[in-house]
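Novice: This is the content of target-v3.txt (compact mmCIF, N, CA and C atoms and all ligand atoms):
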```txt
# COMPACT_ATOMS: atom_id res chain seq x y z
N MET A 1 13.34 -3.53 1.63
CA MET A 1 11.95 -3.09 1.69
C MET A 1 11.01 -4.27 1.50
N LYS A 2 9.98 -4.32 2.31
CA LYS A 2 9.00 -5.39 2.20
C LYS A 2 8.05 -5.12 1.04
N ASN A 3 7.55 -6.16 0.50
CA ASN A 3 6.62 -6.01 -0.62
C ASN A 3 5.34 -6.79 -0.32
N GLU A 4 4.73 -6.44 0.79
CA GLU A 4 3.53 -7.15 1.19
C GLU A 4 2.29 -6.45 0.66
N LYS A 5 1.27 -7.23 0.48
CA LYS A 5 0.00 -6.65 0.07
C LYS A 5 -0.69 -6.06 1.28
N VAL A 6 -1.19 -4.89 1.12
CA VAL A 6 -1.98 -4.30 2.20
C VAL A 6 -3.41 -4.15 1.73
N SER A 7 -4.31 -4.60 2.57
CA SER A 7 -5.71 -4.57 2.16
C SER A 7 -6.33 -3.21 2.45
N ILE A 8 -5.80 -2.53 3.44
CA ILE A 8 -6.34 -1.20 3.71
C ILE A 8 -5.34 -0.17 3.24
N ALA A 9 -5.83 0.97 2.91
CA ALA A 9 -4.95 2.04 2.46
C ALA A 9 -4.03 2.45 3.60
N SER A 10 -2.76 2.51 3.31
CA SER A 10 -1.84 2.97 4.32
C SER A 10 -1.32 4.34 3.92
N HIS A 11 -1.28 5.20 4.86
CA HIS A 11 -0.84 6.56 4.61
C HIS A 11 0.51 6.72 5.29
N GLN A 12 1.54 6.68 4.50
CA GLN A 12 2.87 6.60 5.06
C GLN A 12 3.86 7.30 4.15
N CYS A 13 4.88 7.88 4.77
CA CYS A 13 5.96 8.49 4.01
C CYS A 13 6.83 7.39 3.39
N ASN A 14 7.09 7.50 2.10
CA ASN A 14 7.93 6.50 1.43
C ASN A 14 9.39 6.61 1.84
N GLN A 15 9.75 7.73 2.39
CA GLN A 15 11.16 7.96 2.66
C GLN A 15 11.56 7.59 4.09
N CYS A 16 10.81 8.06 5.09
CA CYS A 16 11.19 7.75 6.47
C CYS A 16 10.20 6.82 7.14
N LYS A 17 9.17 6.39 6.41
CA LYS A 17 8.15 5.46 6.90
C LYS A 17 7.29 6.02 8.02
N SER A 18 7.37 7.30 8.22
CA SER A 18 6.51 7.92 9.22
C SER A 18 5.06 7.89 8.74
N VAL A 19 4.15 7.74 9.67
CA VAL A 19 2.73 7.83 9.30
C VAL A 19 2.18 9.22 9.60
N ASP A 20 3.06 10.10 9.98
CA ASP A 20 2.67 11.47 10.28
C ASP A 20 2.69 12.29 8.99
N VAL A 21 1.69 12.06 8.17
CA VAL A 21 1.64 12.72 6.86
C VAL A 21 0.33 13.49 6.70
N GLN A 22 0.38 14.45 5.81
CA GLN A 22 -0.81 15.20 5.42
C GLN A 22 -0.87 15.15 3.90
N ILE A 23 -2.04 15.37 3.37
CA ILE A 23 -2.15 15.43 1.91
C ILE A 23 -2.05 16.88 1.48
N ALA A 24 -1.22 17.11 0.51
CA ALA A 24 -1.04 18.46 -0.04
C ALA A 24 -1.23 18.39 -1.54
N TYR A 25 -1.42 19.56 -2.14
CA TYR A 25 -1.65 19.61 -3.58
C TYR A 25 -0.51 20.37 -4.25
N GLY A 26 0.05 19.75 -5.26
CA GLY A 26 1.14 20.39 -5.97
C GLY A 26 0.92 20.34 -7.46
N LYS A 27 1.96 20.60 -8.21
CA LYS A 27 1.77 20.70 -9.65
C LYS A 27 1.48 19.37 -10.32
N TYR A 28 1.81 18.26 -9.63
CA TYR A 28 1.47 16.94 -10.20
C TYR A 28 0.26 16.32 -9.51
N GLY A 29 -0.50 17.13 -8.80
CA GLY A 29 -1.67 16.61 -8.14
C GLY A 29 -1.44 16.41 -6.65
N TYR A 30 -2.26 15.57 -6.05
CA TYR A 30 -2.17 15.36 -4.61
C TYR A 30 -1.00 14.44 -4.27
N TYR A 31 -0.40 14.70 -3.13
CA TYR A 31 0.70 13.86 -2.65
C TYR A 31 0.73 13.93 -1.13
N TYR A 32 1.44 12.96 -0.54
CA TYR A 32 1.63 13.00 0.90
C TYR A 32 2.80 13.91 1.24
N LYS A 33 2.57 14.77 2.17
CA LYS A 33 3.63 15.63 2.67
C LYS A 33 3.97 15.13 4.07
N CYS A 34 5.20 14.68 4.24
CA CYS A 34 5.61 14.12 5.53
C CYS A 34 5.88 15.23 6.53
N GLN A 35 5.33 15.06 7.72
CA GLN A 35 5.55 16.06 8.75
C GLN A 35 6.85 15.81 9.52
N SER A 36 7.45 14.65 9.31
CA SER A 36 8.70 14.33 10.01
C SER A 36 9.92 14.75 9.20
N CYS A 37 9.97 14.33 7.92
CA CYS A 37 11.17 14.62 7.12
C CYS A 37 10.89 15.64 6.02
N GLN A 38 9.64 16.10 5.92
CA GLN A 38 9.22 17.06 4.90
C GLN A 38 9.30 16.49 3.48
N GLY A 39 9.45 15.20 3.36
CA GLY A 39 9.52 14.57 2.05
C GLY A 39 8.15 14.43 1.42
N ASN A 40 8.14 14.27 0.11
CA ASN A 40 6.90 14.07 -0.63
C ASN A 40 6.79 12.60 -1.06
N SER A 41 5.59 12.05 -0.98
CA SER A 41 5.36 10.68 -1.41
C SER A 41 4.15 10.62 -2.29
N LYS A 42 4.22 9.70 -3.24
CA LYS A 42 3.11 9.49 -4.16
C LYS A 42 1.96 8.82 -3.42
N ILE A 43 0.76 9.19 -3.80
CA ILE A 43 -0.43 8.54 -3.26
C ILE A 43 -0.89 7.49 -4.25
N SER A 44 -0.99 6.25 -3.80
CA SER A 44 -1.53 5.24 -4.71
C SER A 44 -2.94 4.87 -4.29
N LEU A 45 -3.84 4.98 -5.23
CA LEU A 45 -5.24 4.65 -4.98
C LEU A 45 -5.55 3.30 -5.61
N ARG A 46 -6.20 2.46 -4.83
CA ARG A 46 -6.62 1.17 -5.37
C ARG A 46 -8.13 1.11 -5.43
N CYS A 47 -8.60 0.33 -6.38
CA CYS A 47 -10.04 0.18 -6.49
C CYS A 47 -10.38 -1.26 -6.82
N ASN A 48 -11.64 -1.51 -7.09
CA ASN A 48 -12.10 -2.89 -7.26
C ASN A 48 -11.57 -3.56 -8.52
N GLN A 49 -11.45 -2.80 -9.58
CA GLN A 49 -11.03 -3.37 -10.85
C GLN A 49 -9.69 -2.77 -11.26
N PRO A 50 -8.86 -3.57 -11.94
CA PRO A 50 -7.59 -3.01 -12.42
C PRO A 50 -7.79 -1.87 -13.41
N SER A 51 -8.93 -1.85 -14.06
CA SER A 51 -9.18 -0.82 -15.06
C SER A 51 -9.67 0.49 -14.44
N CYS A 52 -9.96 0.44 -13.15
CA CYS A 52 -10.47 1.64 -12.49
C CYS A 52 -9.40 2.72 -12.43
N LYS A 53 -9.87 3.92 -12.55
CA LYS A 53 -8.96 5.05 -12.39
C LYS A 53 -9.53 6.00 -11.34
N PRO A 54 -9.46 5.56 -10.09
CA PRO A 54 -10.03 6.42 -9.04
C PRO A 54 -9.26 7.72 -8.88
N ARG A 55 -9.96 8.73 -8.46
CA ARG A 55 -9.34 10.04 -8.26
C ARG A 55 -9.60 10.50 -6.83
N LEU A 56 -8.79 11.42 -6.38
CA LEU A 56 -9.01 12.01 -5.07
C LEU A 56 -9.82 13.29 -5.22
N LYS A 57 -10.74 13.45 -4.32
CA LYS A 57 -11.55 14.66 -4.32
C LYS A 57 -11.49 15.25 -2.92
N LYS A 58 -11.23 16.52 -2.85
CA LYS A 58 -11.10 17.18 -1.56
C LYS A 58 -12.37 17.93 -1.22
N GLU A 59 -12.81 17.71 0.00
CA GLU A 59 -13.93 18.51 0.52
C GLU A 59 -13.55 18.99 1.90
N LYS A 60 -13.26 20.24 2.02
CA LYS A 60 -12.69 20.81 3.24
C LYS A 60 -11.44 20.02 3.63
N GLU A 61 -11.43 19.42 4.83
CA GLU A 61 -10.22 18.69 5.24
C GLU A 61 -10.32 17.20 4.95
N HIS A 62 -11.39 16.78 4.29
CA HIS A 62 -11.56 15.37 3.99
C HIS A 62 -11.22 15.09 2.53
N PHE A 63 -10.64 13.92 2.33
CA PHE A 63 -10.33 13.49 0.97
C PHE A 63 -11.10 12.21 0.68
N TYR A 64 -11.72 12.19 -0.46
CA TYR A 64 -12.51 11.04 -0.87
C TYR A 64 -11.89 10.40 -2.09
N LYS A 65 -11.96 9.08 -2.11
CA LYS A 65 -11.57 8.35 -3.31
C LYS A 65 -12.83 8.17 -4.14
N VAL A 66 -12.82 8.74 -5.32
CA VAL A 66 -13.99 8.71 -6.17
C VAL A 66 -13.68 7.89 -7.41
N CYS A 67 -14.51 6.89 -7.68
CA CYS A 67 -14.32 6.08 -8.88
C CYS A 67 -15.58 6.15 -9.72
N SER A 68 -15.43 6.65 -10.93
CA SER A 68 -16.60 6.76 -11.80
C SER A 68 -16.92 5.43 -12.45
N ASP A 69 -15.96 4.50 -12.49
CA ASP A 69 -16.22 3.18 -13.07
C ASP A 69 -17.15 2.35 -12.18
N CYS A 70 -16.89 2.36 -10.88
CA CYS A 70 -17.79 1.61 -9.98
C CYS A 70 -18.77 2.51 -9.26
N ASN A 71 -18.72 3.79 -9.58
CA ASN A 71 -19.68 4.72 -9.00
C ASN A 71 -19.59 4.72 -7.47
N THR A 72 -18.38 4.79 -6.95
CA THR A 72 -18.19 4.79 -5.51
C THR A 72 -17.49 6.06 -5.06
N LYS A 73 -17.73 6.37 -3.82
CA LYS A 73 -17.08 7.49 -3.18
C LYS A 73 -16.79 7.08 -1.74
N GLU A 74 -15.52 6.95 -1.42
CA GLU A 74 -15.15 6.49 -0.09
C GLU A 74 -14.24 7.50 0.57
N ILE A 75 -14.40 7.61 1.88
CA ILE A 75 -13.48 8.48 2.62
C ILE A 75 -12.09 7.83 2.55
N PHE A 76 -11.10 8.65 2.24
CA PHE A 76 -9.75 8.14 2.07
C PHE A 76 -8.80 8.66 3.14
N PHE A 77 -8.93 9.91 3.46
CA PHE A 77 -7.98 10.53 4.38
C PHE A 77 -8.58 11.80 4.93
N ARG A 78 -8.06 12.17 6.08
CA ARG A 78 -8.49 13.44 6.67
C ARG A 78 -7.25 14.16 7.14
N ASN A 79 -7.08 15.37 6.69
CA ASN A 79 -5.98 16.18 7.19
C ASN A 79 -6.30 16.66 8.60
N SER A 80 -5.32 16.57 9.47
CA SER A 80 -5.57 17.00 10.85
C SER A 80 -5.01 18.39 11.07
ZN ZN B 1 9.15 11.22 6.00
ZN ZN B 2 -13.49 1.46 -9.25
```
What would you get if you wrote out this structure as structure tokens?
Specialist:
Amino acid sequence: MKNEKVSIASHQCNQCKSVDVQIAYGKYGYYYKCQSCQGNSKISLRCNQPSCKPRLKKEKEHFYKVCSDCNTKEIFFRNS
């Protein structure tokens, strides 16, 4: 497995590497649900500071990364 830094958020299945994923909500919060292998993958959110604890916020089919530390709200993903 490669361990490269990605500057943009990548939405990918950790198991089969498919990018055909949707965000679903389960008992541990939001996760990627793979449409190819039906596997679940953790969503990692990055922000400007290591101390940031950004959260995902759902509005209809759009997901926003919300950080109260930097007071930002960015579009993160859209379920199709
Ligand atoms: Zn998969
Ligand atoms: Zn932040």
Novice: Between atom CA of A:Ser80 and atom CA of A:Lys17, measure the distance and give it in Å to one decimal.
Specialist: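 A separation of 18.4 Å between them.
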Novice: Taking only N, CA and C atoms and all ligand atoms into account, which residues have an atom no farther than 6.5 Å from ligand ZN 1 (chain B)? I'd like them as a list in words.
Specialist: Cys13, Asn14, Gln15, Cys16, Lys17, Ser18, Cys34, Gln35, Ser36, Cys37, Gln38 and Gly39 of chain A
Novice: Select from chain A every residue with an atom at most 10 Å from any atom of ligand ZN 2 (chain B), then for each give the shortest pair of atoms and their distance in Å to one decimal, using only C-alpha atoms and all ligand atoms, rows by chain and rising number, as a Markdown table.
Specialist:
```
| residue | atom | partner | partner_atom | distance |
| --- | --- | --- | --- | --- |
| A:Leu45 | CA | B:ZN2 | ZN | 9.8 |
| A:Arg46 | CA | B:ZN2 | ZN | 7.9 |
| A:Cys47 | CA | B:ZN2 | ZN | 4.6 |
| A:Asn48 | CA | B:ZN2 | ZN | 5.0 |
| A:Gln49 | CA | B:ZN2 | ZN | 5.7 |
| A:Pro50 | CA | B:ZN2 | ZN | 8.1 |
| A:Ser51 | CA | B:ZN2 | ZN | 7.6 |
| A:Cys52 | CA | B:ZN2 | ZN | 4.4 |
| A:Lys53 | CA | B:ZN2 | ZN | 6.6 |
| A:Pro54 | CA | B:ZN2 | ZN | 6.1 |
| A:Arg55 | CA | B:ZN2 | ZN | 9.6 |
| A:Lys65 | CA | B:ZN2 | ZN | 9.3 |
| A:Val66 | CA | B:ZN2 | ZN | 7.9 |
| A:Cys67 | CA | B:ZN2 | ZN | 4.7 |
| A:Ser68 | CA | B:ZN2 | ZN | 6.7 |
| A:Asp69 | CA | B:ZN2 | ZN | 5.0 |
| A:Cys70 | CA | B:ZN2 | ZN | 4.4 |
| A:Asn71 | CA | B:ZN2 | ZN | 7.0 |
| A:Thr72 | CA | B:ZN2 | ZN | 6.9 |
| A:Lys73 | CA | B:ZN2 | ZN | 9.3 |
```
Novice: Any chance you can output those residues with N, CA and C atoms as a CSV table (one decimal), keeping the file's coordinate frame?
Specialist:
```csv
chain,number,residue,atom,x,y,z
A,45,LEU,N,-3.8,5.0,-5.2
A,45,LEU,CA,-5.2,4.6,-5.0
A,45,LEU,C,-5.6,3.3,-5.6
A,46,ARG,N,-6.2,2.5,-4.8
A,46,ARG,CA,-6.6,1.2,-5.4
A,46,ARG,C,-8.1,1.1,-5.4
A,47,CYS,N,-8.6,0.3,-6.4
A,47,CYS,CA,-10.0,0.2,-6.5
A,47,CYS,C,-10.4,-1.3,-6.8
A,48,ASN,N,-11.6,-1.5,-7.1
A,48,ASN,CA,-12.1,-2.9,-7.3
A,48,ASN,C,-11.6,-3.6,-8.5
A,49,GLN,N,-11.4,-2.8,-9.6
A,49,GLN,CA,-11.0,-3.4,-10.8
A,49,GLN,C,-9.7,-2.8,-11.3
A,50,PRO,N,-8.9,-3.6,-11.9
A,50,PRO,CA,-7.6,-3.0,-12.4
A,50,PRO,C,-7.8,-1.9,-13.4
A,51,SER,N,-8.9,-1.8,-14.1
A,51,SER,CA,-9.2,-0.8,-15.1
A,51,SER,C,-9.7,0.5,-14.4
A,52,CYS,N,-10.0,0.4,-13.2
A,52,CYS,CA,-10.5,1.6,-12.5
A,52,CYS,C,-9.4,2.7,-12.4
A,53,LYS,N,-9.9,3.9,-12.6
A,53,LYS,CA,-9.0,5.0,-12.4
A,53,LYS,C,-9.5,6.0,-11.3
A,54,PRO,N,-9.5,5.6,-10.1
A,54,PRO,CA,-10.0,6.4,-9.0
A,54,PRO,C,-9.3,7.7,-8.9
A,55,ARG,N,-10.0,8.7,-8.5
A,55,ARG,CA,-9.3,10.0,-8.3
A,55,ARG,C,-9.6,10.5,-6.8
A,65,LYS,N,-12.0,9.1,-2.1
A,65,LYS,CA,-11.6,8.4,-3.3
A,65,LYS,C,-12.8,8.2,-4.1
A,66,VAL,N,-12.8,8.7,-5.3
A,66,VAL,CA,-14.0,8.7,-6.2
A,66,VAL,C,-13.7,7.9,-7.4
A,67,CYS,N,-14.5,6.9,-7.7
A,67,CYS,CA,-14.3,6.1,-8.9
A,67,CYS,C,-15.6,6.2,-9.7
A,68,SER,N,-15.4,6.6,-10.9
A,68,SER,CA,-16.6,6.8,-11.8
A,68,SER,C,-16.9,5.4,-12.4
A,69,ASP,N,-16.0,4.5,-12.5
A,69,ASP,CA,-16.2,3.2,-13.1
A,69,ASP,C,-17.2,2.4,-12.2
A,70,CYS,N,-16.9,2.4,-10.9
A,70,CYS,CA,-17.8,1.6,-10.0
A,70,CYS,C,-18.8,2.5,-9.3
A,71,ASN,N,-18.7,3.8,-9.6
A,71,ASN,CA,-19.7,4.7,-9.0
A,71,ASN,C,-19.6,4.7,-7.5
A,72,THR,N,-18.4,4.8,-7.0
A,72,THR,CA,-18.2,4.8,-5.5
A,72,THR,C,-17.5,6.1,-5.1
A,73,LYS,N,-17.7,6.4,-3.8
A,73,LYS,CA,-17.1,7.5,-3.2
A,73,LYS,C,-16.8,7.1,-1.7
```
Novice: Using Å and a single decimal, report how far atom CA of A:Gln22 sits from atom N of A:Lys57.
Specialist: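 If I compute the distance from atom N of A:Lys57 to atom CA of A:Gln22, I get 14.0 Å.
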Novice: Identify all residues of chain A in strand (DSSP E or B) (DSSP on the backbone) and supply them as a VMD selection string.
Specialist: chain A and resid 21 to 26 29 to 34 40 to 42 55 to 59 62 to 67 72 to 78
Novice: Could you take the residues named above and write them with N, CA and C atoms, as a CSV table (one decimal), in the frame of the given file?
Specialist:
```
chain,number,residue,atom,x,y,z
A,21,VAL,N,1.7,12.1,8.2
A,21,VAL,CA,1.6,12.7,6.9
A,21,VAL,C,0.3,13.5,6.7
A,22,GLN,N,0.4,14.4,5.8
A,22,GLN,CA,-0.8,15.2,5.4
A,22,GLN,C,-0.9,15.2,3.9
A,23,ILE,N,-2.0,15.4,3.4
A,23,ILE,CA,-2.2,15.4,1.9
A,23,ILE,C,-2.0,16.9,1.5
A,24,ALA,N,-1.2,17.1,0.5
A,24,ALA,CA,-1.0,18.5,0.0
A,24,ALA,C,-1.2,18.4,-1.5
A,25,TYR,N,-1.4,19.6,-2.1
A,25,TYR,CA,-1.6,19.6,-3.6
A,25,TYR,C,-0.5,20.4,-4.2
A,26,GLY,N,0.0,19.8,-5.3
A,26,GLY,CA,1.1,20.4,-6.0
A,26,GLY,C,0.9,20.3,-7.5
A,29,GLY,N,-0.5,17.1,-8.8
A,29,GLY,CA,-1.7,16.6,-8.1
A,29,GLY,C,-1.4,16.4,-6.6
A,30,TYR,N,-2.3,15.6,-6.0
A,30,TYR,CA,-2.2,15.4,-4.6
A,30,TYR,C,-1.0,14.4,-4.3
A,31,TYR,N,-0.4,14.7,-3.1
A,31,TYR,CA,0.7,13.9,-2.6
A,31,TYR,C,0.7,13.9,-1.1
A,32,TYR,N,1.4,13.0,-0.5
A,32,TYR,CA,1.6,13.0,0.9
A,32,TYR,C,2.8,13.9,1.2
A,33,LYS,N,2.6,14.8,2.2
A,33,LYS,CA,3.6,15.6,2.7
A,33,LYS,C,4.0,15.1,4.1
A,34,CYS,N,5.2,14.7,4.2
A,34,CYS,CA,5.6,14.1,5.5
A,34,CYS,C,5.9,15.2,6.5
A,40,ASN,N,8.1,14.3,0.1
A,40,ASN,CA,6.9,14.1,-0.6
A,40,ASN,C,6.8,12.6,-1.1
A,41,SER,N,5.6,12.0,-1.0
A,41,SER,CA,5.4,10.7,-1.4
A,41,SER,C,4.2,10.6,-2.3
A,42,LYS,N,4.2,9.7,-3.2
A,42,LYS,CA,3.1,9.5,-4.2
A,42,LYS,C,2.0,8.8,-3.4
A,55,ARG,N,-10.0,8.7,-8.5
A,55,ARG,CA,-9.3,10.0,-8.3
A,55,ARG,C,-9.6,10.5,-6.8
A,56,LEU,N,-8.8,11.4,-6.4
A,56,LEU,CA,-9.0,12.0,-5.1
A,56,LEU,C,-9.8,13.3,-5.2
A,57,LYS,N,-10.7,13.4,-4.3
A,57,LYS,CA,-11.6,14.7,-4.3
A,57,LYS,C,-11.5,15.2,-2.9
A,58,LYS,N,-11.2,16.5,-2.8
A,58,LYS,CA,-11.1,17.2,-1.6
A,58,LYS,C,-12.4,17.9,-1.2
A,59,GLU,N,-12.8,17.7,0.0
A,59,GLU,CA,-13.9,18.5,0.5
A,59,GLU,C,-13.6,19.0,1.9
A,62,HIS,N,-11.4,16.8,4.3
A,62,HIS,CA,-11.6,15.4,4.0
A,62,HIS,C,-11.2,15.1,2.5
A,63,PHE,N,-10.6,13.9,2.3
A,63,PHE,CA,-10.3,13.5,1.0
A,63,PHE,C,-11.1,12.2,0.7
A,64,TYR,N,-11.7,12.2,-0.5
A,64,TYR,CA,-12.5,11.0,-0.9
A,64,TYR,C,-11.9,10.4,-2.1
A,65,LYS,N,-12.0,9.1,-2.1
A,65,LYS,CA,-11.6,8.4,-3.3
A,65,LYS,C,-12.8,8.2,-4.1
A,66,VAL,N,-12.8,8.7,-5.3
A,66,VAL,CA,-14.0,8.7,-6.2
A,66,VAL,C,-13.7,7.9,-7.4
A,67,CYS,N,-14.5,6.9,-7.7
A,67,CYS,CA,-14.3,6.1,-8.9
A,67,CYS,C,-15.6,6.2,-9.7
A,72,THR,N,-18.4,4.8,-7.0
A,72,THR,CA,-18.2,4.8,-5.5
A,72,THR,C,-17.5,6.1,-5.1
A,73,LYS,N,-17.7,6.4,-3.8
A,73,LYS,CA,-17.1,7.5,-3.2
A,73,LYS,C,-16.8,7.1,-1.7
A,74,GLU,N,-15.5,7.0,-1.4
A,74,GLU,CA,-15.2,6.5,-0.1
A,74,GLU,C,-14.2,7.5,0.6
A,75,ILE,N,-14.4,7.6,1.9
A,75,ILE,CA,-13.5,8.5,2.6
A,75,ILE,C,-12.1,7.8,2.6
A,76,PHE,N,-11.1,8.6,2.2
A,76,PHE,CA,-9.8,8.1,2.1
A,76,PHE,C,-8.8,8.7,3.1
A,77,PHE,N,-8.9,9.9,3.5
A,77,PHE,CA,-8.0,10.5,4.4
A,77,PHE,C,-8.6,11.8,4.9
A,78,ARG,N,-8.1,12.2,6.1
A,78,ARG,CA,-8.5,13.4,6.7
A,78,ARG,C,-7.2,14.2,7.1
```
Novice: Calculate how many Å separate atom CA of A:Tyr64 from atom CA of A:Val19, rounding to one decimal.
Specialist: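 Answer for the atom CA of A:Tyr64 to atom CA of A:Val19 separation: 18.6 Å.
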Novice: Determine the nearest neighbour of A:His11 from the options A:Tyr32, A:Lys58, A:Ile75, A:Gly26, counting only N, CA and C atoms.
Specialist: A:Tyr32
